[in-house]
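I have placed the structure first, in the form of structure tokens, so that the comments after it can refer back to it.
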Amino acid sequence: LVSQPLLDRLAAAVGVGQLLTAAADTAPYLTDWRGRYRGAALAVVRPASAGEVAAVLRACHEAAVPVVPQGGNTGLVGGATPGADGRAVVVSLARLSRIRDLDVANGTLTAEAGCTLAAVRAAAAAAGRLFPLSLAAEGSCTIGGNLATNAGGVQVLRYGNARALCLGIEVVLPDGRLWNGLRGLRKDNSGLDLKQLFIGAEGTLGIITAAVLRLVALPSARATAWLRVPSVAAAVDLLGRLQQRFPERVDSYELISQATLALTVAQVPGCSDPLPASTSDWIVLIELADGGDERQLAEALQSVLAEALADGLLVDAAVAASESQRRAFWHLRESAPEAEKRAGFSIKHDIALPLSAIADFVEVTSAQLAREYPGSRLVCFGHLGDGNLHYNLSHPDPDFLDRQDEVNRRVFSAVSARGGSIAAEHGVGQLRRLQLPAYRSETELALMRSVKQALDPRGLMNPGKLYPPAGGGA
Ligand SMILES: Cc1cc2nc3c(=O)[nH]c(=O)nc-3n(C[C@H](O)[C@H](O)[C@H](O)COP(=O)(O)OP(=O)(O)OC[C@H]3O[C@@H](n4cnc5c(N)ncnc54)[C@H](O)[C@@H]3O)c2cc1C
């Protein structure tokens with residue numbers, strides 16, 4: 001077999017037990033979280049150190065065999081799933097799971113790429129610090145995957161996305177060279193900031209093996225509220241008011257449509273509507289945090305909410321009175337993707353818009369979609385504070401999915417007309433690759449391809465993801 005010498009080299013690099021080739025062993029690595037993409041692979045390898053990753057990439061490079069990096073496999077755009085041709089080697093980073101260093105004085109933690117986000121947050125908390133990246137998949141997703149996708153989540157509003165939380169990285173380049181860029185510096189203008197090339201590159205330029213992450217103070221007080229608002233416009237106005245009144249203290253500002261809430265309550269055990277007697281089409285989950293007294297923070301929030309109610313920006317509000325109630329509010333919000341998955345078919349969009357344009361987008365586009373697709377249901381939720389919505393359309397008829405391209409075009413042209421993005425936080429992967437040319441300029445695409453060519457001239461890193469084929473289009 002042509003591939004046998006390569007398999008022997010891979011086994012030598014990672015140990016025979018960490019080279020998987022049997023179908024039963026490789027199956028979990030060959031499909032994505034939603035079960036939407038299925039691929040095939042020559043093998044799955046599970047290295048345990050950066051040195052082993054380097055040996056694997058060197059071997060693949062010399063054999064001209066493509067490589068697909070995989071972390072927790074929670075990505076939502078098919079980026080970690082290999083193609084169907086079975087030529088690639090999947091490199092799982094799950095065993096690179098050591099916290100290498102925690103420097104409290106410098107406010108940094110150095111984690112290997114396969115550490116789950118939850119493990120990193122727990123290690124920071126044990127040292128009295130917060131690693132402020134938080135998303136519903138944090139028990140499974142990994143730091144390497146978070147950086148490769150420049151993940152967002154529910155605290156971007158205050159702390160920025162993964163890119164803003166990373167001070168240095170270690171990367172294995174496509175030819176197997178190891179670059180140690182693990183600097184814990186907040187200032188470093190000694191040339192190009194190379195780590196930024198790999199962050200958000202979706203595993204197409206190299207494999208991230210470790211990162212220096214920025215920690216912040218662990219808040220002593222949180223105030224969390226579940227709000228019924230009359231409209232998206234009111235929700236945006238209310239955010240502006242809260243940010244004025246609580247500067248640098250609004251951690252999260254999440255939007256949930258009534259249809260999403262109803263779906264989540266129906267599909268996910270343990271979910272119930274905190275304000276069952278009130279009605280409105282939109283709900284906001286807000287969380288404030290600071291280093292002061294929890295009761296005072298809750299009272300201050302309550303008083304601003306009372307004014308908002310009087311001014312018509314609010315329909316009703318419940319401020320969490322206990323940690324268990326706070327967790328119940330978050331459980332509801334974070335169960336929305338799971339509820340959608342259980343419910344079946346929907347046409348999804350992960351979009352970003354300027355906050356000033358988002359209410360108009362939702363109002364105009366939702367009315368248009370309701371008119372064009374009778375019987376459809378808008379499952380919209382997301383990080384309103386960041387201008388980022390998961391704007392999904394579901395329909396009881398599975399044939400509705402056949403109209404995906406048409407629905408995408410309607411939504412994306414409305415997004416694009418308002419200066420928005422068609423891939424806000426989940427990335428491009430396989431899902432949006434062919435649509436990119438319609439929404440990024442020729443010059444931007446040419447620059448992206450030049451970077452790819454410079455770092456991966458043989459095109460072996462995660463092929464078929466992110467970069468549209470030259471001359472191709474939606
Ligand atoms: C329930 C749920 C909720 C989610 N919520 C959010 C959210 O709020 N915000 C958000 O941004 N995303 C969210 N996601 C998407 C997903 O969790 C993120 O994209 C996450 O960052 C992926 O991490 P992962 O380790 O699972 O990566 P994977 O899915 O394994 O890989 C994702 C991409 O990164 C590449 N990659 C993985 N590891 C490496 C590495 N070490 N080096 C180089 N490339 C690598 C892969 O090749 C692939 O292209 C959610 C997903 C689920 C299932």
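The way I read the labels, and the way they are meant: chains A, B, ... in the order of the structure tokens, residue 1 as the first residue of every chain, and ligand 1 as the first ligand shown, with later ones counted on from there.
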
Exercise. Got a sec: who's within 8 Å of segment 416-430 of chain A, counting only C-alpha atoms, leaving out chain neighbours fewer than 3 positions off, as a ChimeraX atom specification?
Worked result: /A:75-80,149-152,200,202,349-354,357,361,388,412-413,433-434,439,464-466

Problem set entry | Those of segment 256-427 of chain A in DSSP strand (DSSP E), formatted as a PyMOL selection string | chain A and resi 256-257+282-290+316-319+346-347+350-352+377-383+388-394

Please identify every residue of segment 52-170 of chain A that has at least one atom no farther than 12 Å from an atom of segment 310-332 of chain A, counting only C-alpha atoms, and for each give the shortest atom pair and the distance in Å to one decimal, arranged by chain then increasing number, as CSV.
residue,atom,partner,partner_atom,distance
A:Ser134,CA,A:Trp330,CA,11.5
A:Leu135,CA,A:Trp330,CA,10.6
A:Ala136,CA,A:His331,CA,8.9
A:Val154,CA,A:Trp330,CA,10.2

Exercise. Of the candidates A:Ser49, A:Ser356, A:Thr26, A:Ser394, which shows the shortest atom-to-atom distance to Ala370 of chain A, using only C-alpha atoms?
Worked result: A:Ser394

Problem set entry | Residue among A:Ala127, A:Ala470, A:Leu96, A:Leu275 lying closest to ligand 1, counting only C-alpha atoms and all ligand atoms |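 Closest residue, counting only C-alpha atoms and all ligand atoms: A:Leu96.
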
Exercise. Between A:Asp188, A:Tyr373, A:Ala137, A:Leu182, which is the closest to Arg100 of chain A once you count only C-alpha atoms?
Worked result: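 Result for the nearest residue to Arg100 of chain A: A:Leu182.
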
For this session: Skip Leu165 of chain A itself and residues of its chain fewer than 4 positions away, then list as a ChimeraX atom specification all residues within 12 Å of it, counting only C-alpha atoms.
Result: /A:107-110,130-134,143,146-147,150-152,155-156,158-161,169,184-186,196,199,211-216

Problem set entry | Neighbour list for segment 285-289 of chain A as number ranges by chain, cut-off 10 Å, only C-alpha atoms, skip fewer than 6 positions in-chain | A: 154-155, 158, 218-228, 239, 242-243, 246-256, 297-298, 301, 317-320, 326, 329-330, 332-333, 383-385

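Using only C-alpha atoms and all ligand atoms, the shortest contact distance between ligand 1 and any of A:Ser3, A:Thr209, A:Gln453, A:Thr21 is found at A:Thr209.
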
Quick one: everything within 10 Å of Ala50 of chain A, counting only C-alpha atoms, minus sequence neighbours fewer than 4 positions away in the same chain. Send it as a short mmCIF file (atom, residue, chain, number, x, y, z; two decimals) with N, CA, C and O atoms, in the first residue's frame.
data_model
loop_
_atom_site.label_atom_id
_atom_site.label_comp_id
_atom_site.auth_asym_id
_atom_site.auth_seq_id
_atom_site.Cartn_x
_atom_site.Cartn_y
_atom_site.Cartn_z
N ALA A 54 4.95 17.98 15.55
CA ALA A 54 5.94 18.35 14.53
C ALA A 54 6.36 17.12 13.71
O ALA A 54 6.45 17.19 12.48
N ALA A 55 6.56 16.00 14.40
CA ALA A 55 6.97 14.77 13.68
C ALA A 55 5.86 14.32 12.72
O ALA A 55 6.13 13.90 11.59
N VAL A 56 4.61 14.44 13.16
CA VAL A 56 3.46 14.04 12.32
C VAL A 56 3.39 14.94 11.08
O VAL A 56 3.25 14.47 9.95
N LEU A 93 -5.85 17.06 18.68
CA LEU A 93 -4.97 17.70 19.67
C LEU A 93 -5.40 17.38 21.10
O LEU A 93 -4.86 17.93 22.06
N LEU A 96 -2.93 16.97 24.01
CA LEU A 96 -2.07 18.08 24.45
C LEU A 96 -2.86 18.87 25.49
O LEU A 96 -3.41 19.93 25.19
N GLU A 112 -1.80 24.16 26.79
CA GLU A 112 -1.64 23.42 25.54
C GLU A 112 -2.97 23.43 24.78
O GLU A 112 -4.05 23.59 25.36
N ALA A 113 -2.84 23.22 23.46
CA ALA A 113 -3.99 23.43 22.57
C ALA A 113 -5.19 22.54 22.89
O ALA A 113 -6.33 22.92 22.66
N GLU A 170 2.29 28.98 20.24
CA GLU A 170 3.28 28.04 19.71
C GLU A 170 2.58 27.30 18.57
O GLU A 170 1.44 26.85 18.74
N VAL A 171 3.27 27.20 17.44
CA VAL A 171 2.63 26.64 16.24
C VAL A 171 3.57 25.66 15.56
O VAL A 171 4.77 25.93 15.47
N VAL A 172 3.02 24.57 15.06
CA VAL A 172 3.78 23.72 14.15
C VAL A 172 3.36 24.10 12.72
O VAL A 172 2.17 24.09 12.39
N LEU A 178 8.73 23.93 14.21
CA LEU A 178 8.01 24.38 15.41
C LEU A 178 8.38 25.84 15.67
O LEU A 178 9.56 26.17 15.80
N ILE A 207 -0.64 24.21 12.89
CA ILE A 207 -1.35 23.67 14.05
C ILE A 207 -0.88 24.40 15.31
O ILE A 207 0.33 24.40 15.62
N ILE A 208 -1.80 25.02 15.99
CA ILE A 208 -1.49 25.70 17.26
C ILE A 208 -1.32 24.60 18.32
O ILE A 208 -2.19 23.72 18.45
N THR A 209 -0.18 24.64 19.04
CA THR A 209 0.04 23.59 20.04
C THR A 209 -0.04 24.14 21.48
O THR A 209 -0.23 23.37 22.42
N ALA A 210 0.12 25.46 21.64
CA ALA A 210 -0.01 26.05 22.98
C ALA A 210 -0.23 27.55 22.84
O ALA A 210 0.03 28.11 21.76
#

Problem set entry | Every residue of segment 235-336 of chain A that DSSP places in alpha helix (DSSP H), as an MDAnalysis selection string | chainID A and resid 235:245 258:267 294:310 323:334 336

For this session: Find the residue from A:Pro398, A:Gly139, A:Pro469, A:Gly292 that sits nearest to ligand 1; use only C-alpha atoms and all ligand atoms when measuring.
Result: A:Gly139

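Computed from the coordinates, the atom CA of Gly86 of chain A to atom CA of Ala64 of chain A distance equals 13.7 Å.
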